[in-house]
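**Q** Before I ask anything, here is the structure I am working with.
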There are 2 protein chains.
Amino acid sequence: MMDSQAFKKILEERSARSWEMYLPHLSVDCVVFGFHNASLKVLLTKLKDSELWGLPGGYVLKTENIHSAASRILFERTGASDIYLQQFRVFGDLNRSEDFFKDFSDDLWNKQRFVSIGFYALVDFSKVTLITDDISEACEWRSIAELPEFMMDHQSIFEKALTVLRRQLNYKPIGLNLLPEKFTLPEIQKLYEIILGKKLNRGNFYRKMMRYDILEKLNETRKGGAHKAPDLYSFDLEKYQSALKNGFNEGW
Amino acid sequence: MMDSQAFKKILEERSARSWEMYLPHLSVDCVVFGFHNASLKVLLTKLKDSELWGLPGGYVLKTENIHSAASRILFERTGASDIYLQQFRVFGDLNRSEDFFKDFSDDLWNKQRFVSIGFYALVDFSKVTLITDDISEACEWRSIAELPEFMMDHQSIFEKALTVLRRQLNYKPIGLNLLPEKFTLPEIQKLYEIILGKKLNRGNFYRKMMRYDILEKLNETRKGGAHKAPDLYSFDLEKYQSALKNGFNEGW
């Protein structure tokens, strides 16, 4: 891939320190979905001197748990520290990343075989400040409908994360920190529709949501529209957290 | 933990070769559920000179994909090569295994920090031949209702696998290679009940199973009972494989 001198120099200088600090052969890649105003995006970075985009990632310190590693990596990119991160799959095929650094010397940290643990998160992207690091020239929210070309196997890591996120809608609650504190049923339905990429039947949605038993109906309505003012809801935090931990008792 | 001389000698002799062959710090643990005759068990091994039991596991060769590693490890234990294995979670906390070998020298392969990738499988245990390796004194099917004491964090790896297996009943088919080729609806219901650890309502079960659209009703009945002979079914293999790959379109 790339062979720009400046980029090469940074990686080479950092290599010995990486061998010292991190567990070899193990990396973390984060698929951070961002939702705001009825739009779903994913956080991508662009390496210097490359036309390809990748997921924000990093390595596991010898002294930290893998979950802490994922949180730290994301904090370094977004400054956000309370992101609900979830591991979803390991990507461990041979040559998933080695070739990318083929023009570098064989002992370069980055050129080794890496087995990567995928984590995903869903955040309100309007509340996050992005940070571009010294080997990247961009760190941006990109619409999942118009994605750029990815490096390595990052396209398939992204796709797997989206599949898992959609599946989790069936047994875990979603919406806290994404919707305003008080929201209408059409607003939460819209959130589901955007994640699923399809329209949902209104009656079925409402019945299912009520069965989940995580909403609290407020004695307030949304004022201001021409139509009958819709009821406002908020999450029952105790029930929401319990469902997040134990899953909905749907299905069998 | 253990400090028997014979066991220690085997691990020490094998250490240098392990450093050469395998990716350091990365291991695989397999939770193999076995079903037969209305009974659910899990495959466990017992290390020599230890009272504790563990999950069959191993390491990833520098030259193999992680999925191949899991298949090879299971083949070495069971002689079975067509087991449907599924990765379900990574266990990567500090000190999840290091302490277990605290009486050994620091450069011993096994004493390093290991991040372990959990795989699970579900097989017909009557069709599998178990193999005890040179550091184990037993390799057995144990009922999940009466489990022995586990080594390291293997208890929680087992519990997580069971949670994931149960959850997967909601979006993936199960039963192929576990049920006879021709089976009755009460027989497949029993399989679900044993995995879930609870009784299911018969009418709901049948309706849901029909909606999944993976069964083929045969023009045969099960002969021999005192009652009306029940209908026989088999899996529609094409639909079954497609559902295994894509998931049932249940839920949202």
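Quick note on naming: the chains in the structure tokens go A, B, ... in the order shown, residues restart at 1 in each chain, and ligands are numbered from 1 in order of appearance.
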Using only C-alpha atoms, which chain A residues lie at most 9 Å away from chain B, written as a ChimeraX atom specification?
**A** /A:23-26,62-67,87-94,113,115,117,166-167,169-171,192,196,200,205,250-252
**Q** Just want the 8 Å neighbourhood of segment 134-151 of chain A, counted on only C-alpha atoms, with same-chain residues fewer than 6 positions away dropped. Output as a VMD selection string.
**A** chain A and resid 7 10 34 39 to 48 51 to 54 125
**Q** Measuring atom to atom with only C-alpha atoms, identify which of A:Arg17, A:His36, A:Lys160, A:Lys217 is nearest to Leu61 of chain A.
**A**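 When distances to Leu61 of chain A are compared using only C-alpha atoms, the smallest one comes from A:Arg17.
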**Q** Report as a list in words all protein, DNA and RNA residues lying within 8 Å of Thr78 of chain A, evaluated on only C-alpha atoms, omitting residues in the same chain fewer than 3 positions from it.
**A**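 Answer for this query is Leu74, Phe75, Val128, Thr129, Leu130 and Ile131 of chain A.
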**Q** Residues of segment 201-237 of chain B in strand (DSSP E) according to DSSP, as a ChimeraX atom specification?
**A** /B:215-221,231-235
**Q** If you keep N, CA and C atoms, can you produce a file of those selected residues as a PDB file, in the first residue's frame?
**A**
ATOM      1  N   LEU B 215     -39.522 -27.255   8.292  1.00  0.00           N
ATOM      2  CA  LEU B 215     -39.909 -28.659   8.428  1.00  0.00           C
ATOM      3  C   LEU B 215     -40.685 -29.135   7.200  1.00  0.00           C
ATOM      4  N   GLU B 216     -40.524 -30.399   6.920  1.00  0.00           N
ATOM      5  CA  GLU B 216     -41.275 -31.023   5.840  1.00  0.00           C
ATOM      6  C   GLU B 216     -42.107 -32.123   6.479  1.00  0.00           C
ATOM      7  N   LYS B 217     -43.402 -32.072   6.272  1.00  0.00           N
ATOM      8  CA  LYS B 217     -44.261 -33.110   6.845  1.00  0.00           C
ATOM      9  C   LYS B 217     -44.240 -34.327   5.926  1.00  0.00           C
ATOM     10  N   LEU B 218     -43.942 -35.473   6.504  1.00  0.00           N
ATOM     11  CA  LEU B 218     -43.837 -36.698   5.699  1.00  0.00           C
ATOM     12  C   LEU B 218     -45.188 -37.411   5.648  1.00  0.00           C
ATOM     13  N   ASN B 219     -45.352 -38.265   4.649  1.00  0.00           N
ATOM     14  CA  ASN B 219     -46.580 -39.052   4.557  1.00  0.00           C
ATOM     15  C   ASN B 219     -46.459 -40.325   5.379  1.00  0.00           C
ATOM     16  N   GLU B 220     -45.939 -40.186   6.580  1.00  0.00           N
ATOM     17  CA  GLU B 220     -45.722 -41.346   7.443  1.00  0.00           C
ATOM     18  C   GLU B 220     -46.093 -40.960   8.859  1.00  0.00           C
ATOM     19  N   THR B 221     -46.386 -41.957   9.656  1.00  0.00           N
ATOM     20  CA  THR B 221     -46.615 -41.696  11.077  1.00  0.00           C
ATOM     21  C   THR B 221     -45.737 -42.652  11.877  1.00  0.00           C
ATOM     22  N   ASP B 231     -47.626 -37.734  13.496  1.00  0.00           N
ATOM     23  CA  ASP B 231     -47.013 -37.462  12.199  1.00  0.00           C
ATOM     24  C   ASP B 231     -45.496 -37.358  12.317  1.00  0.00           C
ATOM     25  N   LEU B 232     -44.839 -37.750  11.246  1.00  0.00           N
ATOM     26  CA  LEU B 232     -43.382 -37.617  11.200  1.00  0.00           C
ATOM     27  C   LEU B 232     -42.980 -36.439  10.314  1.00  0.00           C
ATOM     28  N   TYR B 233     -41.899 -35.790  10.712  1.00  0.00           N
ATOM     29  CA  TYR B 233     -41.351 -34.651   9.965  1.00  0.00           C
ATOM     30  C   TYR B 233     -39.873 -34.883   9.708  1.00  0.00           C
ATOM     31  N   SER B 234     -39.341 -34.166   8.725  1.00  0.00           N
ATOM     32  CA  SER B 234     -37.881 -34.072   8.616  1.00  0.00           C
ATOM     33  C   SER B 234     -37.550 -32.630   8.244  1.00  0.00           C
ATOM     34  N   PHE B 235     -36.267 -32.280   8.346  1.00  0.00           N
ATOM     35  CA  PHE B 235     -35.886 -30.912   7.973  1.00  0.00           C
ATOM     36  C   PHE B 235     -35.823 -30.776   6.458  1.00  0.00           C
TER      37      PHE B 235
END
**Q** Write down as a PyMOL selection string the residues belonging to segment 32-228 of chain B that are assigned helix (DSSP H, G or I) by DSSP computed on the backbone.
**A** chain B and resi 66-78+98-101+109-111+125-127+154-168+185-196+202-212
**Q** For Asn177 of chain A, list every protein, DNA or RNA residue within 10 Å, evaluated using only C-alpha atoms, and leave out those in the same chain fewer than 2 positions away; present the list as an NGL selection string.
**A** :A and (35 or 83 or 122-124 or 127 or 174-175 or 179-181)
**Q** Print the selection's residues with N, CA and C atoms to a file, as a PDB file, in the first residue's frame.
**A**
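Written output follows (out_29.pdb):
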ATOM      1  N   PHE A  35     -25.944   8.087  15.692  1.00  0.00           N
ATOM      2  CA  PHE A  35     -27.322   8.427  15.312  1.00  0.00           C
ATOM      3  C   PHE A  35     -27.606   9.858  15.717  1.00  0.00           C
ATOM      4  N   ILE A  83     -19.268   5.390  26.708  1.00  0.00           N
ATOM      5  CA  ILE A  83     -19.891   4.742  25.551  1.00  0.00           C
ATOM      6  C   ILE A  83     -20.134   3.261  25.863  1.00  0.00           C
ATOM      7  N   LEU A 122     -23.093   2.429  19.816  1.00  0.00           N
ATOM      8  CA  LEU A 122     -24.051   3.321  19.155  1.00  0.00           C
ATOM      9  C   LEU A 122     -24.160   4.568  20.021  1.00  0.00           C
ATOM     10  N   VAL A 123     -23.822   5.720  19.441  1.00  0.00           N
ATOM     11  CA  VAL A 123     -23.804   6.967  20.203  1.00  0.00           C
ATOM     12  C   VAL A 123     -24.574   8.056  19.466  1.00  0.00           C
ATOM     13  N   ASP A 124     -24.898   9.120  20.205  1.00  0.00           N
ATOM     14  CA  ASP A 124     -25.452  10.314  19.573  1.00  0.00           C
ATOM     15  C   ASP A 124     -24.268  11.101  19.023  1.00  0.00           C
ATOM     16  N   LYS A 127     -22.987  14.597  20.109  1.00  0.00           N
ATOM     17  CA  LYS A 127     -22.403  14.844  21.442  1.00  0.00           C
ATOM     18  C   LYS A 127     -20.935  14.461  21.529  1.00  0.00           C
ATOM     19  N   ILE A 174     -32.883  -0.252  23.199  1.00  0.00           N
ATOM     20  CA  ILE A 174     -32.000   0.722  22.562  1.00  0.00           C
ATOM     21  C   ILE A 174     -32.691   2.087  22.644  1.00  0.00           C
ATOM     22  N   GLY A 175     -31.918   3.138  22.593  1.00  0.00           N
ATOM     23  CA  GLY A 175     -32.536   4.462  22.555  1.00  0.00           C
ATOM     24  C   GLY A 175     -32.022   5.414  23.623  1.00  0.00           C
ATOM     25  N   LEU A 179     -32.190   9.109  21.981  1.00  0.00           N
ATOM     26  CA  LEU A 179     -33.410   9.908  21.899  1.00  0.00           C
ATOM     27  C   LEU A 179     -33.350  10.982  22.977  1.00  0.00           C
ATOM     28  N   PRO A 180     -34.111  12.081  22.798  1.00  0.00           N
ATOM     29  CA  PRO A 180     -34.210  13.048  23.886  1.00  0.00           C
ATOM     30  C   PRO A 180     -34.849  12.392  25.117  1.00  0.00           C
ATOM     31  N   GLU A 181     -34.732  13.006  26.265  1.00  0.00           N
ATOM     32  CA  GLU A 181     -35.233  12.380  27.488  1.00  0.00           C
ATOM     33  C   GLU A 181     -36.720  12.056  27.360  1.00  0.00           C
TER      34      GLU A 181
END
**Q** Would you compute the distance between atom CA of Gly58 of chain B and atom CA of Ile73 of chain B? Give it in Å to one decimal.
**A**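 Atom CA of Ile73 of chain B lies 6.1 Å from atom CA of Gly58 of chain B.
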**Q** Please report the interatomic distance between atom CA of Tyr22 of chain A and atom CA of Tyr59 of chain A in Å with one decimal.
**A** 6.2 Å
